[in-house]
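Since the structure comes first, as structure tokens, the remarks are kept for the end.
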Amino acid sequence: MSEKTDRDRKIFQSYLDTIQAKTGKSPKDFQALAKKKGLTQHGELVAWLKSEFGLGHGHANALVAVIKSANAPRPAATEDPIAAHFAGGKAVWRKPYDALAARLVKFGGDVELAPNRTYINLVRGVKKFGIVQVSSAERLDVGIKLKGVAPTERFEAAGSWNAMVTHRVRITAAGQIDKELLTWLRQAYDAA
């Protein structure tokens, strides 16, 4: 997820948080109320939210997006989006990645493993603290966002490899997903 997407998601969530603080109602509450009233059109939903709950135009529009998304048909379930990162010879890294992922989610309930086409984002809330990239059958790269920490031979500067992180750890054997790597990831998580 890009920095802009992270920022947009955070702004959108702040709209929803403000609405809940002002009205005492969650987005699910509004979905249920709109359904009960039979309101489905964008304009009528905005008008209802503005007149009945005193919401501003921007807040009403944000809430309408949530209400309407609840009624939208869901696409059919597809295969695991993370699986694409482990196609072909890269499949050797799936089991070590799964073990790493199981440890990462224990950092806190706000850890999200969010794949994109190139790598798997490690996210705390809306802040990225690392990435995992299955580079080849021979190597898995772990990027870590940990500002102010000097690089070492193993904990190298990310440089031009990926500007979203500060450091890179090249993993060439499953055993290198070790306590030291988890310590760096935990520090990045705590700093996020």
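Letters A, B, ... mark the chains of the structure tokens in the order given; residue numbers begin at 1 per chain; ligand numbers begin at 1, in order shown.
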
Mind checking which residues fall within 12 Å of stretch 54-57 of chain A, counting only C-alpha atoms, ignoring those fewer than 3 positions away in the same chain, and posting them as JSON, numbers by chain?
{"A": [15, 16, 18, 19, 20, 21, 22, 23, 42, 43, 45, 46, 47, 48, 49, 50, 51, 60, 61, 62, 63, 64]}

Could you save those same residues with N, CA and C atoms as a compact mmCIF listing (two decimals), in the first residue's frame?
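Below is the file out.txt, written as the result:
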```txt
# COMPACT_ATOMS: atom_id res chain seq x y z
N TYR A 15 -12.97 10.40 9.52
CA TYR A 15 -14.34 10.84 9.28
C TYR A 15 -15.31 9.93 10.03
N LEU A 16 -15.12 8.62 9.90
CA LEU A 16 -16.03 7.66 10.54
C LEU A 16 -15.95 7.77 12.07
N THR A 18 -15.17 10.46 13.80
CA THR A 18 -15.83 11.71 14.18
C THR A 18 -17.35 11.55 14.18
N ILE A 19 -17.86 10.86 13.16
CA ILE A 19 -19.31 10.61 13.07
C ILE A 19 -19.78 9.81 14.28
N GLN A 20 -19.02 8.77 14.64
CA GLN A 20 -19.43 7.95 15.77
C GLN A 20 -19.36 8.75 17.07
N ALA A 21 -18.34 9.58 17.23
CA ALA A 21 -18.23 10.40 18.44
C ALA A 21 -19.40 11.39 18.53
N LYS A 22 -19.80 11.95 17.39
CA LYS A 22 -20.86 12.96 17.37
C LYS A 22 -22.25 12.34 17.59
N THR A 23 -22.48 11.17 16.97
CA THR A 23 -23.83 10.58 16.98
C THR A 23 -24.00 9.42 17.94
N HIS A 42 -27.84 7.46 -3.32
CA HIS A 42 -26.80 8.32 -2.74
C HIS A 42 -27.39 9.65 -2.23
N GLY A 43 -28.10 10.34 -3.08
CA GLY A 43 -28.64 11.65 -2.72
C GLY A 43 -29.57 11.60 -1.52
N LEU A 45 -29.64 9.34 0.82
CA LEU A 45 -28.86 8.99 2.01
C LEU A 45 -28.13 10.21 2.57
N VAL A 46 -27.50 10.99 1.68
CA VAL A 46 -26.80 12.20 2.11
C VAL A 46 -27.78 13.17 2.78
N ALA A 47 -28.92 13.39 2.14
CA ALA A 47 -29.92 14.31 2.69
C ALA A 47 -30.39 13.84 4.07
N TRP A 48 -30.66 12.58 4.22
CA TRP A 48 -31.11 12.00 5.49
C TRP A 48 -30.05 12.19 6.58
N LEU A 49 -28.79 11.90 6.26
CA LEU A 49 -27.71 12.02 7.25
C LEU A 49 -27.49 13.47 7.66
N LYS A 50 -27.62 14.39 6.71
CA LYS A 50 -27.42 15.81 7.01
C LYS A 50 -28.58 16.34 7.84
N SER A 51 -29.82 16.00 7.48
CA SER A 51 -30.97 16.57 8.18
C SER A 51 -31.22 15.90 9.53
N ALA A 60 -21.16 13.04 5.60
CA ALA A 60 -22.30 12.27 5.08
C ALA A 60 -21.87 11.42 3.89
N ASN A 61 -21.08 12.00 2.99
CA ASN A 61 -20.61 11.25 1.82
C ASN A 61 -19.74 10.05 2.22
N ALA A 62 -18.88 10.25 3.21
CA ALA A 62 -18.03 9.15 3.69
C ALA A 62 -18.90 8.02 4.22
N LEU A 63 -19.90 8.37 5.00
CA LEU A 63 -20.78 7.36 5.57
C LEU A 63 -21.62 6.67 4.49
N VAL A 64 -22.05 7.42 3.49
CA VAL A 64 -22.81 6.82 2.38
C VAL A 64 -21.95 5.78 1.67
```

Give the helix (DSSP H, G or I) residues of stretch 72-152 of chain A, as assigned by DSSP on the backbone, as a PyMOL selection string.
chain A and resi 83-86+88-107

Mind writing the picked residues with C-alpha atoms as a PDB file, in the first residue's frame?
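Saved result, out.pdb, follows:
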```
ATOM      1  CA  ALA A  83      -0.090 -17.494  -2.737  1.00  0.00           C
ATOM      2  CA  ALA A  84       0.933 -15.612  -5.895  1.00  0.00           C
ATOM      3  CA  HIS A  85       4.171 -14.625  -4.150  1.00  0.00           C
ATOM      4  CA  PHE A  86       5.122 -18.282  -3.770  1.00  0.00           C
ATOM      5  CA  GLY A  88       6.875 -21.957  -9.011  1.00  0.00           C
ATOM      6  CA  GLY A  89      10.316 -22.357  -7.455  1.00  0.00           C
ATOM      7  CA  LYS A  90       9.491 -19.705  -4.848  1.00  0.00           C
ATOM      8  CA  ALA A  91       7.184 -22.242  -3.169  1.00  0.00           C
ATOM      9  CA  VAL A  92      10.125 -23.306  -1.002  1.00  0.00           C
ATOM     10  CA  TRP A  93       9.630 -20.069   0.979  1.00  0.00           C
ATOM     11  CA  ARG A  94       5.914 -20.545   1.800  1.00  0.00           C
ATOM     12  CA  LYS A  95       6.403 -22.611   4.935  1.00  0.00           C
ATOM     13  CA  PRO A  96       9.138 -20.313   6.384  1.00  0.00           C
ATOM     14  CA  TYR A  97       6.988 -17.267   5.532  1.00  0.00           C
ATOM     15  CA  ASP A  98       3.934 -18.789   7.228  1.00  0.00           C
ATOM     16  CA  ALA A  99       6.008 -19.441  10.361  1.00  0.00           C
ATOM     17  CA  LEU A 100       7.254 -15.831  10.292  1.00  0.00           C
ATOM     18  CA  ALA A 101       3.716 -14.509   9.745  1.00  0.00           C
ATOM     19  CA  ALA A 102       2.437 -16.524  12.720  1.00  0.00           C
ATOM     20  CA  ARG A 103       5.055 -14.849  14.915  1.00  0.00           C
ATOM     21  CA  LEU A 104       4.374 -11.377  13.528  1.00  0.00           C
ATOM     22  CA  VAL A 105       0.640 -11.469  14.283  1.00  0.00           C
ATOM     23  CA  LYS A 106       1.506 -12.181  17.907  1.00  0.00           C
ATOM     24  CA  PHE A 107       3.026  -8.671  18.109  1.00  0.00           C
TER      25      PHE A 107
END
```

Using DSSP on the backbone coordinates, identify the residues of stretch 115-192 of chain A assigned to strand (DSSP E or B); present them as JSON, numbers by chain.
{"A": [115, 120, 121, 122, 123, 124, 127, 128, 129, 130, 131, 132, 133, 134, 140, 141, 142, 143, 144, 156, 157, 167, 168, 169, 170, 171]}

Considering only C-alpha atoms, can you say which of A:Tyr189, A:Leu146, A:Ser26, A:Val165 comes closest to A:Gly108?
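The answer is A:Tyr189, which sits nearest to A:Gly108.
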
Length of the atom CA of A:Val142 to atom CA of A:Val169 vector [Å]
5.2 Å

Measuring between only C-alpha atoms, which one of A:Asp110, A:Leu33, A:Ile11, A:Pro151 shows the shortest distance to A:Lys127?
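So, comparing all the options, the nearest one is A:Asp110.
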
What is the atom CA of A:Ala65-atom CA of A:Lys37 distance in Å, reported with one decimal?
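Atom-to-atom, atom CA of A:Ala65 and atom CA of A:Lys37 are spaced 17.1 Å apart.
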
Exercise: A:Phe129 partners within 8 Å, only C-alpha atoms, chain neighbours under 5 positions left out, as a list in words
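Counting only the stated atoms, we get Leu122, Val123, Arg124, Ile144, Lys145, Leu146, Val165, Leu185, Ala188, Tyr189, Ala191 and Ala192 of chain A.
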
Kindly save the residues from that selection, with N, CA and C atoms included, as a compact mmCIF listing (two decimals), in the first residue's frame.
```txt
# COMPACT_ATOMS: atom_id res chain seq x y z
N LEU A 122 3.93 -5.39 5.81
CA LEU A 122 3.72 -5.67 7.23
C LEU A 122 3.25 -4.36 7.83
N VAL A 123 2.00 -4.32 8.27
CA VAL A 123 1.37 -3.07 8.65
C VAL A 123 0.85 -3.15 10.09
N ARG A 124 1.06 -2.05 10.82
CA ARG A 124 0.46 -1.89 12.14
C ARG A 124 -0.55 -0.77 12.03
N ILE A 144 12.75 -3.67 6.59
CA ILE A 144 12.34 -3.23 7.91
C ILE A 144 12.46 -1.71 7.98
N LYS A 145 11.44 -1.07 8.50
CA LYS A 145 11.42 0.39 8.64
C LYS A 145 11.80 0.72 10.08
N LEU A 146 13.08 1.09 10.25
CA LEU A 146 13.59 1.35 11.59
C LEU A 146 14.59 2.49 11.51
N VAL A 165 11.29 1.26 3.15
CA VAL A 165 11.91 0.73 4.36
C VAL A 165 13.32 1.29 4.48
N LEU A 185 12.22 -6.70 13.69
CA LEU A 185 10.83 -6.50 13.27
C LEU A 185 9.99 -5.99 14.43
N ALA A 188 10.63 -2.34 14.93
CA ALA A 188 9.96 -1.55 13.89
C ALA A 188 8.46 -1.47 14.16
N TYR A 189 7.87 -2.59 14.59
CA TYR A 189 6.45 -2.60 14.95
C TYR A 189 6.18 -1.62 16.09
N ALA A 191 7.84 0.97 16.91
CA ALA A 191 8.06 2.34 16.47
C ALA A 191 6.98 2.85 15.52
N ALA A 192 6.21 1.94 14.94
CA ALA A 192 5.17 2.33 13.96
C ALA A 192 4.01 3.03 14.63
```

Go through A:Thr183, A:Thr166, A:Ser160, A:Thr152 one by one, measure the shortest atom-to-atom distance of each to A:Ile131 using only C-alpha atoms, and give the residue with the smallest value.
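The answer is A:Thr166, which sits nearest to A:Ile131.
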
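Relative to atom CA of A:Arg170, atom CA of A:Phe155 is found at 8.5 Å.
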